[in-house]
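K.L.:
One file is attached below, data-v2.cif, containing mmCIF, C-alpha atoms.
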```
data_target
loop_
_atom_site.label_atom_id
_atom_site.label_comp_id
_atom_site.auth_asym_id
_atom_site.auth_seq_id
_atom_site.Cartn_x
_atom_site.Cartn_y
_atom_site.Cartn_z
CA LEU B 1 -25.84 55.78 36.55
CA GLN B 2 -23.54 58.70 35.84
CA ASN B 3 -20.52 56.41 35.83
CA VAL B 4 -21.78 54.05 33.10
CA ARG B 5 -22.87 56.75 30.63
CA ILE B 6 -20.68 57.56 27.64
CA ASP B 7 -19.45 60.86 28.97
CA PRO B 8 -15.85 62.11 29.37
CA SER B 9 -16.54 62.72 33.08
CA SER B 10 -17.78 59.17 33.77
CA ILE B 11 -15.57 56.49 35.31
CA SER B 12 -16.28 53.96 32.55
CA PHE B 13 -15.52 56.42 29.70
CA GLN B 14 -11.79 55.70 29.56
CA MET B 15 -12.50 51.97 29.70
CA TRP B 16 -14.88 52.41 26.76
CA LYS B 17 -12.50 54.65 24.78
CA ASP B 18 -9.31 52.58 25.10
CA ILE B 19 -10.31 49.08 26.15
CA PRO B 20 -7.76 48.17 28.86
CA VAL B 21 -8.75 44.51 29.02
CA PRO B 22 -6.14 42.23 27.39
CA PHE B 23 -7.85 40.67 24.37
CA TYR B 24 -6.46 37.72 22.47
CA MET B 25 -7.42 36.21 19.15
CA SER B 26 -6.67 32.50 18.77
CA VAL B 27 -6.79 31.04 15.26
CA HIS B 28 -7.10 27.33 14.46
CA PHE B 29 -6.63 26.10 10.88
CA PHE B 30 -8.00 22.89 9.40
CA GLU B 31 -5.30 21.24 7.33
CA VAL B 32 -6.52 18.98 4.53
CA LEU B 33 -4.54 15.73 4.82
CA ASN B 34 -5.76 14.10 1.59
CA PRO B 35 -6.13 16.81 -1.10
CA LYS B 36 -5.53 14.44 -4.03
CA GLN B 37 -8.18 12.03 -2.79
CA VAL B 38 -10.68 14.89 -2.32
CA LEU B 39 -10.18 15.82 -5.98
CA ARG B 40 -11.17 12.26 -6.84
CA GLY B 41 -14.41 12.60 -4.90
CA GLU B 42 -13.38 11.14 -1.55
CA LYS B 43 -14.27 12.53 1.89
CA PRO B 44 -11.90 15.27 3.18
CA VAL B 45 -9.76 14.33 6.17
CA LEU B 46 -8.91 17.30 8.38
CA SER B 47 -6.40 17.96 11.14
CA GLN B 48 -6.71 20.98 13.41
CA ARG B 49 -3.55 23.11 13.61
CA GLY B 50 -2.75 25.83 16.14
CA PRO B 51 -3.76 27.82 17.98
CA TYR B 52 -1.90 30.78 16.54
CA VAL B 53 -2.43 33.47 19.17
CA TYR B 54 -2.43 37.25 18.67
CA ARG B 55 -2.58 39.99 21.27
CA GLU B 56 -5.33 42.36 20.25
CA TYR B 57 -5.29 46.07 21.04
CA ARG B 58 -8.41 48.14 20.50
CA PHE B 59 -8.86 51.89 20.68
CA LYS B 60 -11.40 54.42 19.44
CA THR B 61 -10.70 57.48 17.30
CA ASN B 62 -12.79 60.18 15.63
CA ILE B 63 -15.02 60.31 18.74
CA THR B 64 -17.73 62.86 17.96
CA PHE B 65 -20.63 63.72 20.26
CA HIS B 66 -23.93 64.77 18.66
CA ASP B 67 -26.84 66.87 19.88
CA ASN B 68 -29.26 63.91 19.88
CA ASP B 69 -27.40 62.12 22.72
CA THR B 70 -25.38 59.89 20.40
CA VAL B 71 -21.65 59.56 19.79
CA SER B 72 -19.84 58.36 16.66
CA TYR B 73 -16.47 56.65 16.57
CA LEU B 74 -14.12 54.35 14.68
CA GLU B 75 -12.58 51.47 16.62
CA TYR B 76 -9.25 50.20 15.36
CA ARG B 77 -7.72 46.79 16.01
CA HIS B 78 -4.01 45.97 16.05
CA LEU B 79 -2.88 42.35 16.27
CA PHE B 80 0.56 41.11 17.34
CA PHE B 81 1.64 37.47 17.13
CA GLN B 82 2.41 35.81 20.49
CA PRO B 83 4.88 32.92 19.92
CA ASP B 84 4.94 31.93 23.60
CA LEU B 85 1.16 31.39 23.64
CA SER B 86 0.96 29.69 20.25
CA ASN B 87 1.29 26.08 19.19
CA GLY B 88 3.34 26.78 16.08
CA THR B 89 4.81 29.72 14.16
CA GLU B 90 3.54 31.95 11.37
CA ASP B 91 6.17 30.40 9.07
CA GLU B 92 4.59 26.93 9.21
CA TYR B 93 3.06 25.59 6.00
CA ILE B 94 -0.53 24.35 5.94
CA VAL B 95 -2.52 22.71 3.13
CA VAL B 96 -5.88 24.50 2.83
CA PRO B 97 -8.42 25.07 0.04
CA ASN B 98 -7.42 27.59 -2.60
CA ILE B 99 -10.21 29.93 -1.57
CA MET B 100 -9.66 32.39 -4.40
CA MET B 101 -9.72 29.66 -7.08
CA MET B 102 -12.53 27.51 -5.68
CA GLY B 103 -14.59 30.57 -4.82
CA ALA B 104 -14.24 31.92 -8.36
CA ALA B 105 -15.18 28.52 -9.83
CA VAL B 106 -18.47 28.39 -7.89
CA MET B 107 -19.15 32.07 -8.60
CA VAL B 108 -18.94 31.57 -12.41
CA GLU B 109 -20.86 28.27 -12.44
CA LYS B 110 -23.99 29.84 -13.92
CA LEU B 111 -22.15 32.12 -16.36
CA PRO B 112 -21.76 31.26 -20.08
CA ASN B 113 -19.44 28.38 -20.97
CA PHE B 114 -16.89 30.61 -22.68
CA VAL B 115 -16.34 32.45 -19.36
CA LYS B 116 -15.66 29.17 -17.60
CA LEU B 117 -13.37 28.14 -20.47
CA LEU B 118 -11.40 31.37 -20.12
CA LEU B 119 -11.11 30.91 -16.35
CA SER B 120 -10.06 27.27 -16.68
CA GLY B 121 -7.37 28.23 -19.19
CA ALA B 122 -6.12 31.00 -16.93
CA LEU B 123 -5.98 28.63 -13.97
CA ALA B 124 -3.94 26.15 -16.03
CA SER B 125 -1.48 28.79 -17.24
CA LEU B 126 -1.02 30.08 -13.67
CA LYS B 127 -0.70 26.50 -12.36
CA GLN B 128 -3.52 27.05 -9.90
CA GLU B 129 -4.83 24.03 -8.02
CA ALA B 130 -7.83 23.39 -5.77
CA PHE B 131 -5.61 23.18 -2.68
CA MET B 132 -2.58 25.27 -1.78
CA ASN B 133 0.34 24.85 0.61
CA ARG B 134 1.09 28.24 2.17
CA THR B 135 2.39 29.64 5.44
CA VAL B 136 0.14 30.79 8.24
CA ARG B 137 1.39 34.33 7.66
CA GLU B 138 0.42 34.23 3.99
CA ILE B 139 -3.05 32.80 4.62
CA MET B 140 -3.70 35.30 7.40
CA TRP B 141 -2.19 38.54 6.13
CA GLY B 142 -1.99 38.05 2.39
CA TYR B 143 0.04 36.76 -0.52
CA GLU B 144 0.55 37.99 -4.06
CA ASP B 145 -1.76 36.11 -6.41
CA PRO B 146 -1.81 36.86 -10.17
CA LEU B 147 -5.17 35.07 -10.33
CA ILE B 148 -6.80 38.15 -8.80
CA ASP B 149 -5.85 40.35 -11.76
CA VAL B 150 -6.84 37.63 -14.23
CA ILE B 151 -10.29 37.30 -12.64
CA ASN B 152 -10.73 41.06 -12.76
CA LEU B 153 -9.76 40.97 -16.45
CA ILE B 154 -12.16 38.14 -17.34
CA ILE B 155 -15.04 39.35 -15.15
CA PRO B 156 -14.57 43.09 -14.45
CA GLY B 157 -15.85 44.21 -11.07
CA LEU B 158 -16.09 40.72 -9.57
CA LEU B 159 -13.37 41.49 -7.02
CA PRO B 160 -12.93 44.96 -5.44
CA PHE B 161 -9.22 44.46 -4.72
CA LYS B 162 -6.01 43.82 -6.63
CA GLY B 163 -2.83 41.82 -6.31
CA LYS B 164 -2.96 40.45 -2.78
CA PHE B 165 -5.34 38.21 -0.86
CA GLY B 166 -5.45 37.16 2.81
CA LEU B 167 -8.28 36.07 5.08
CA PHE B 168 -7.48 38.66 7.77
CA MET B 169 -6.09 41.44 5.59
CA ASP B 170 -8.98 43.76 6.49
CA PHE B 171 -8.94 42.73 10.15
CA ASN B 172 -5.57 44.07 11.28
CA ASN B 173 -4.72 47.78 11.53
CA SER B 174 -8.23 48.64 10.43
CA HIS B 175 -11.65 49.51 11.82
CA SER B 176 -14.99 47.73 11.55
CA GLY B 177 -17.01 50.71 10.34
CA LEU B 178 -18.39 53.95 11.75
CA PHE B 179 -20.57 53.22 14.77
CA THR B 180 -23.00 55.74 16.20
CA VAL B 181 -24.34 54.71 19.62
CA ASN B 182 -26.49 56.20 22.34
CA THR B 183 -24.67 57.93 25.21
CA GLY B 184 -27.36 57.29 27.83
CA MET B 185 -27.24 60.93 28.95
CA LYS B 186 -31.04 61.25 28.95
CA ASN B 187 -32.11 57.61 29.01
CA ILE B 188 -29.68 55.23 30.69
CA SER B 189 -31.62 52.22 29.39
CA GLU B 190 -30.42 53.09 25.87
CA VAL B 191 -26.72 53.57 26.62
CA HIS B 192 -24.44 51.79 24.09
CA LEU B 193 -27.36 50.84 21.84
CA VAL B 194 -26.39 51.25 18.17
CA ASP B 195 -28.14 54.12 16.42
CA SER B 196 -26.47 53.51 13.05
CA TRP B 197 -23.51 51.76 11.42
CA ASN B 198 -21.74 53.43 8.50
CA GLY B 199 -24.73 55.77 8.41
CA LEU B 200 -27.19 52.89 7.99
CA LYS B 201 -30.17 52.35 10.25
CA LYS B 202 -30.59 48.88 8.76
CA LEU B 203 -28.59 46.53 6.55
CA ASN B 204 -29.24 45.56 2.95
CA TYR B 205 -27.53 42.16 2.87
CA TRP B 206 -30.53 39.99 3.69
CA ARG B 207 -33.99 39.16 2.35
CA SER B 208 -36.15 40.24 5.29
CA SER B 209 -36.47 43.45 7.29
CA GLN B 210 -36.05 41.47 10.52
CA CYS B 211 -32.71 39.99 9.44
CA ASN B 212 -31.53 43.41 8.24
CA MET B 213 -32.18 45.09 11.59
CA ILE B 214 -29.24 46.52 13.54
CA ASN B 215 -30.10 45.53 17.09
CA GLY B 216 -28.39 45.87 20.46
CA THR B 217 -24.99 47.36 21.21
CA ALA B 218 -21.62 47.20 19.45
CA GLY B 219 -20.74 44.21 21.62
CA GLU B 220 -18.55 45.98 24.20
CA MET B 221 -20.97 47.04 26.95
CA TRP B 222 -24.70 46.90 27.59
CA PRO B 223 -27.19 49.07 29.51
CA PRO B 224 -27.10 48.60 33.31
CA PHE B 225 -29.63 46.71 35.43
CA MET B 226 -29.76 43.76 33.06
CA SER B 227 -32.42 41.08 33.35
CA PRO B 228 -31.61 37.37 33.03
CA THR B 229 -33.26 36.99 29.61
CA SER B 230 -31.17 37.86 26.56
CA LEU B 231 -28.77 40.42 25.09
CA GLN B 232 -28.15 41.62 21.55
CA PHE B 233 -25.21 43.05 19.64
CA TYR B 234 -24.35 43.89 16.04
CA SER B 235 -21.31 42.13 14.56
CA PRO B 236 -19.83 43.56 11.33
CA ASP B 237 -17.68 40.40 11.05
CA ALA B 238 -20.84 38.26 10.89
CA CYS B 239 -22.75 40.90 8.88
CA ARG B 240 -25.73 40.67 11.24
CA SER B 241 -27.13 41.27 14.70
CA MET B 242 -26.95 38.39 17.14
CA THR B 243 -29.07 37.49 20.15
CA LEU B 244 -27.56 35.53 23.02
CA VAL B 245 -29.73 33.97 25.73
CA TYR B 246 -29.29 33.76 29.49
CA GLU B 247 -27.89 30.43 30.67
CA GLN B 248 -26.95 30.80 34.33
CA SER B 249 -25.80 33.14 37.08
CA GLY B 250 -22.27 32.91 38.39
CA GLU B 251 -19.24 34.83 39.63
CA VAL B 252 -16.08 36.13 38.00
CA LYS B 253 -13.37 37.06 40.49
CA GLY B 254 -15.92 37.50 43.26
CA MET B 255 -18.40 39.60 41.28
CA PRO B 256 -21.84 38.38 40.24
CA THR B 257 -22.39 37.75 36.53
CA TYR B 258 -25.01 36.57 34.08
CA ARG B 259 -23.74 34.13 31.47
CA PHE B 260 -25.21 34.51 27.98
CA VAL B 261 -24.70 31.88 25.27
CA ALA B 262 -25.76 31.30 21.67
CA PRO B 263 -29.14 29.61 21.24
CA LYS B 264 -29.30 26.58 18.97
CA THR B 265 -31.33 28.69 16.55
CA LEU B 266 -28.55 31.27 15.97
CA PHE B 267 -27.37 29.72 12.69
CA ALA B 268 -30.40 27.51 12.06
CA ASN B 269 -31.84 27.48 8.54
CA GLY B 270 -35.25 28.88 7.63
CA THR B 271 -36.90 25.45 7.75
CA ASP B 272 -35.89 24.75 11.35
CA TYR B 273 -36.32 28.36 12.47
CA PRO B 274 -38.57 30.47 10.19
CA PRO B 275 -37.28 33.90 11.38
CA ASN B 276 -33.92 32.98 9.80
CA GLU B 277 -35.48 32.53 6.37
CA GLY B 278 -34.23 36.02 5.52
CA PHE B 279 -30.63 34.79 5.75
CA CYS B 280 -31.25 32.20 3.02
CA PRO B 281 -30.59 30.66 0.50
CA CYS B 282 -29.81 28.12 3.21
CA MET B 283 -28.27 24.69 3.40
CA GLN B 284 -28.23 22.53 6.53
CA SER B 285 -28.98 24.07 9.91
CA GLY B 286 -25.95 25.35 11.78
CA ILE B 287 -24.28 27.25 8.95
CA GLN B 288 -25.15 30.72 7.69
CA ASN B 289 -24.62 31.80 4.11
CA VAL B 290 -22.66 35.09 4.16
CA SER B 291 -21.98 35.27 0.43
CA THR B 292 -24.09 38.43 0.06
CA CYS B 293 -21.72 40.34 2.34
CA ARG B 294 -18.55 38.54 1.16
CA LEU B 295 -18.39 39.48 -2.53
CA ASN B 296 -20.78 36.64 -3.42
CA ALA B 297 -18.08 34.09 -2.58
CA PRO B 298 -19.52 30.74 -1.37
CA MET B 299 -18.63 31.37 2.28
CA PHE B 300 -20.50 30.22 5.39
CA ILE B 301 -20.05 30.95 9.09
CA SER B 302 -20.84 28.57 11.94
CA HIS B 303 -19.79 27.56 15.40
CA PRO B 304 -16.39 25.79 15.49
CA HIS B 305 -16.42 22.12 14.48
CA PHE B 306 -20.07 22.60 13.42
CA TYR B 307 -21.14 22.64 17.07
CA ASN B 308 -24.97 22.86 17.30
CA ALA B 309 -25.21 22.12 13.56
CA ASP B 310 -26.85 19.39 11.50
CA PRO B 311 -24.88 16.14 12.09
CA SER B 312 -24.56 15.64 8.32
CA LEU B 313 -22.07 18.54 8.21
CA VAL B 314 -19.79 16.78 10.70
CA ASP B 315 -20.22 13.44 8.93
CA ALA B 316 -19.22 14.92 5.55
CA VAL B 317 -15.60 15.30 6.71
CA GLU B 318 -13.29 13.47 9.08
CA GLY B 319 -11.53 15.15 12.00
CA LEU B 320 -14.24 17.25 13.66
CA HIS B 321 -15.19 16.81 17.32
CA PRO B 322 -17.76 19.44 18.37
CA SER B 323 -18.18 20.15 22.09
CA LYS B 324 -19.82 22.89 24.11
CA ASP B 325 -16.82 23.51 26.37
CA GLN B 326 -14.37 24.05 23.51
CA HIS B 327 -16.59 25.45 20.78
CA GLY B 328 -19.52 27.25 22.43
CA LEU B 329 -19.36 31.04 22.74
CA PHE B 330 -20.29 32.93 25.92
CA LEU B 331 -20.39 36.33 27.58
CA ASP B 332 -20.22 36.81 31.37
CA VAL B 333 -21.70 40.24 32.11
CA HIS B 334 -21.95 42.14 35.40
CA PRO B 335 -25.73 42.76 35.45
CA MET B 336 -25.65 45.96 37.53
CA THR B 337 -23.32 47.85 35.14
CA GLY B 338 -23.69 45.92 31.85
CA ILE B 339 -19.91 45.55 31.58
CA PRO B 340 -18.52 42.17 30.38
CA MET B 341 -16.22 40.51 32.89
CA ASN B 342 -15.21 37.52 30.78
CA CYS B 343 -15.96 36.55 27.19
CA SER B 344 -15.04 34.18 24.39
CA ILE B 345 -16.65 34.81 21.00
CA LYS B 346 -15.97 32.02 18.50
CA LEU B 347 -16.74 31.73 14.79
CA GLN B 348 -15.77 29.28 12.06
CA LEU B 349 -15.19 30.18 8.41
CA ASN B 350 -16.25 27.57 5.86
CA LEU B 351 -15.96 27.29 2.07
CA TYR B 352 -18.54 25.56 -0.09
CA MET B 353 -16.62 23.39 -2.57
CA LYS B 354 -17.88 21.32 -5.49
CA HIS B 355 -17.04 20.13 -8.99
CA VAL B 356 -17.94 22.84 -11.51
CA SER B 357 -18.54 21.68 -15.05
CA GLY B 358 -16.06 23.34 -17.40
CA ILE B 359 -13.49 24.05 -14.69
CA ILE B 360 -11.14 21.07 -14.89
CA GLN B 361 -9.21 22.14 -11.77
CA THR B 362 -12.23 21.28 -9.59
CA GLY B 363 -11.75 17.61 -10.45
CA GLN B 364 -14.53 15.40 -9.10
CA ILE B 365 -14.93 17.18 -5.76
CA LYS B 366 -18.23 16.25 -4.18
CA PRO B 367 -20.29 19.15 -2.79
CA VAL B 368 -19.07 19.82 0.75
CA VAL B 369 -19.00 22.70 3.23
CA LEU B 370 -15.34 22.54 4.20
CA PRO B 371 -14.10 24.19 7.41
CA VAL B 372 -11.11 26.45 6.75
CA LEU B 373 -10.43 27.92 10.19
CA TRP B 374 -12.06 29.00 13.39
CA PHE B 375 -11.08 31.80 15.73
CA ALA B 376 -11.89 32.94 19.23
CA GLU B 377 -11.67 36.48 20.59
CA SER B 378 -11.32 36.29 24.36
CA GLY B 379 -10.78 38.73 27.21
CA SER B 380 -11.21 38.99 30.97
CA ILE B 381 -11.06 41.95 33.35
CA ASP B 382 -8.10 41.61 35.72
CA GLY B 383 -5.40 43.50 37.63
CA SER B 384 -5.71 47.24 38.22
CA VAL B 385 -8.70 47.49 35.88
CA LEU B 386 -10.55 44.94 37.99
CA LYS B 387 -9.71 46.84 41.21
CA GLN B 388 -10.86 50.16 39.77
CA PHE B 389 -14.02 48.59 38.38
CA TYR B 390 -14.82 46.91 41.68
CA THR B 391 -14.10 49.98 43.81
CA TYR B 392 -15.99 52.61 41.84
CA LEU B 393 -18.74 50.67 40.11
CA VAL B 394 -19.47 47.88 42.61
CA LEU B 395 -18.15 48.58 46.13
CA LEU B 396 -19.00 52.28 46.53
CA PRO B 397 -22.54 51.96 45.10
CA SER B 398 -23.11 48.99 47.45
CA VAL B 399 -21.83 50.97 50.46
CA LEU B 400 -24.05 53.89 49.57
CA ASP B 401 -26.96 51.50 49.09
CA TYR B 402 -26.43 49.99 52.56
CA LEU B 403 -25.84 53.44 54.03
CA GLN B 404 -29.23 54.69 52.98
CA TYR B 405 -30.87 51.78 54.81
CA ILE B 406 -28.74 52.43 57.90
CA LEU B 407 -29.72 56.09 57.87
CA LEU B 408 -33.30 55.11 57.31
CA GLY B 409 -33.09 52.68 60.25
CA LEU B 410 -31.57 55.38 62.47
CA SER B 411 -34.19 57.89 61.44
CA VAL B 412 -37.10 55.71 62.59
CA PRO B 413 -36.37 55.89 66.36
CA LEU B 414 -35.58 59.61 66.02
CA ILE B 415 -38.97 60.20 64.40
CA VAL B 416 -40.69 58.11 67.09
CA SER B 417 -38.84 59.99 69.85
CA ALA B 418 -39.79 63.31 68.36
CA ALA B 419 -43.43 62.24 68.14
CA VAL B 420 -43.38 61.09 71.81
CA LEU B 421 -41.83 64.40 72.94
CA MET B 422 -44.43 66.37 71.04
CA ALA B 423 -47.21 64.28 72.62
CA VAL B 424 -45.76 64.82 76.13
CA ARG B 425 -45.53 68.56 75.61
CA LYS B 426 -49.14 68.66 74.55
#
```
Please lay out the structure from this file as structure tokens.

P.N.:
Amino acid sequence: LQNVRIDPSSISFQMWKDIPVPFYMSVHFFEVLNPKQVLRGEKPVLSQRGPYVYREYRFKTNITFHDNDTVSYLEYRHLFFQPDLSNGTEDEYIVVPNIMMMGAAVMVEKLPNFVKLLLSGALASLKQEAFMNRTVREIMWGYEDPLIDVINLIIPGLLPFKGKFGLFMDFNNSHSGLFTVNTGMKNISEVHLVDSWNGLKKLNYWRSSQCNMINGTAGEMWPPFMSPTSLQFYSPDACRSMTLVYEQSGEVKGMPTYRFVAPKTLFANGTDYPPNEGFCPCMQSGIQNVSTCRLNAPMFISHPHFYNADPSLVDAVEGLHPSKDQHGLFLDVHPMTGIPMNCSIKLQLNLYMKHVSGIIQTGQIKPVVLPVLWFAESGSIDGSVLKQFYTYLVLLPSVLDYLQYILLGLSVPLIVSAAVLMAVRK
């Protein structure tokens, strides 16, 4: 118990502070093969590109212990491209939706006509189109786009950034917010549970108190002595807490694990699963509207290839092939310690596209939730970390556990002998 608490003297503290497990982020883009036809109202045809693989380093800073048995910290992520593990380079060009333009078009749909007229004129003068051909590096880490400043001029405050836009700009060399979690010093069953995030005890993105709850841990470790039921964690990237359910017991490198997976209800809409009504306005089951935490842009998250989603989403485009093995997420956790042994967390980013009256650049695009990319963050304990983990957190406790039974077994005949001697003396 002492070794899984968040305490500088515990064995797992250094593992928690500077995660030694090699993490990788693999990114797959969906290239649009027929952009001109899509503008004429035809079905999008997609081709998956990648993966583009990045080595991910995580470490915690600003670690501050508090009197109420909690600790606050910032966890930074640094990503480095791995050419030898990738199927392609960052300099490759890919045709994808112009997220900034199409997002702005949908965002101004209900505004007065003169606003849409101004935006349409600005798009024409800047030669902006519904689809763009840019490099992986530009899409990931950012490119200069004069449209950003124009949008901020036409609709002040719509965008909180200037000049540059990239899907993972805020992901690299940055942190995911100030976490405050329980140390487990007094109650080991609460270790790693989130007390607050950015000072908040609950979120304000969603329409119900249940959906706004910050439940579980920060997704790195869980309390020990886990039961084969479910686990929870809060994901700033998904803007919500998630619950995974037990699927099966197994082994990772000789150590027992519980595998937890996403239930089919994770991204279900409020009709199919009423507790998710707070995440609405909803569309089909299997996609979650995250516009409220993404600057009101028409963005949705889902499992890759719309796995576990309404079949109509897959049918609306060509080129998707959902499967559990390739697109289902999982966590393999050592139940005694609550430490993940192997994991692969996968999410897909989707853009809602449609023709917007008054914006000529949207052509005759039929309403469609178009996959843009999906990514997987994966890691597995191995090497010296695995040996240390096994020795101190698995082997020694097991030896001590057996030893107590051996000593207990040896003590029984000694007690009997002593009782016999005492009876003889009497």

K.L.:
Up to 9 Å from (-27.7, 30.9, 6.7) in the file's coordinates: name the residues, counting all atoms listed in the file, as a PyMOL selection string.

P.N.:
chain B and resi 267-270+276-290+300-302

K.L.:
Find the residue from B:Ile360, B:Ala238, B:Cys343, B:Leu231 that sits nearest to Ser380 (chain B); use only C-alpha atoms when measuring.

P.N.:
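The shortest atom-to-atom distance to Ser380 (chain B) comes from B:Cys343.
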
K.L.:
So the first atom is CA of Lys162 (chain B) and the second is CA of Leu178 (chain B); what is the distance between them in Å, to one decimal place?

P.N.:
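Interatomic distance here is 24.4 Å.
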
K.L.:
Could you give me, as JSON lines, every region 31-138 of chain B residue with an atom at most 12 Å from region 203-222 of chain B, plus its closest atom pair and distance in Å to one decimal, counting all atoms listed in the file, rows ordered by chain then number?

P.N.:
```
{"residue": "B:Arg58", "atom": "CA", "partner": "B:Glu220", "partner_atom": "CA", "distance": 11.0}
{"residue": "B:Phe59", "atom": "CA", "partner": "B:Glu220", "partner_atom": "CA", "distance": 11.9}
{"residue": "B:Ser72", "atom": "CA", "partner": "B:Ala218", "partner_atom": "CA", "distance": 11.6}
{"residue": "B:Tyr73", "atom": "CA", "partner": "B:Ala218", "partner_atom": "CA", "distance": 11.1}
{"residue": "B:Leu74", "atom": "CA", "partner": "B:Ala218", "partner_atom": "CA", "distance": 11.4}
{"residue": "B:Glu75", "atom": "CA", "partner": "B:Ala218", "partner_atom": "CA", "distance": 10.4}
```

K.L.:
One decimal, in Å: what's the spacing between CA of Gly199 (chain B) and CA of Thr180 (chain B)?

P.N.:
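Interatomic distance here is 8.0 Å.
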
K.L.:
Evaluate the PyMOL selection byres ((chain B and resi 15-22) around 8) against this structure - the residues, as number ranges by chain, please.

P.N.:
B: 6, 11-14, 23-24, 55-60, 220, 379-382, 385

K.L.:
Could you tell me how far CA of Leu370 (chain B) lies from CA of His28 (chain B), in Å and to one decimal?

P.N.:
14.0 Å

K.L.:
Restricting the calculation to all atoms listed in the file: of B:Asp332, B:Glu144, B:Glu190, B:Asp272, which residue gets closest to Gln248 (chain B)?

P.N.:
B:Asp332

K.L.:
Can you pull out every residue within 10 Å of region 305-310 of chain B, counting only C-alpha atoms, but drop anything in the same chain fewer than 4 positions away, and send it as a count of residues only?

P.N.:
33

K.L.:
Identify all residues satisfying the PyMOL selection byres ((chain B and resi 132) around 9) in the given file; provide them as an NGL selection string.

P.N.:
:B and (94-99 or 128-131 or 133-134)
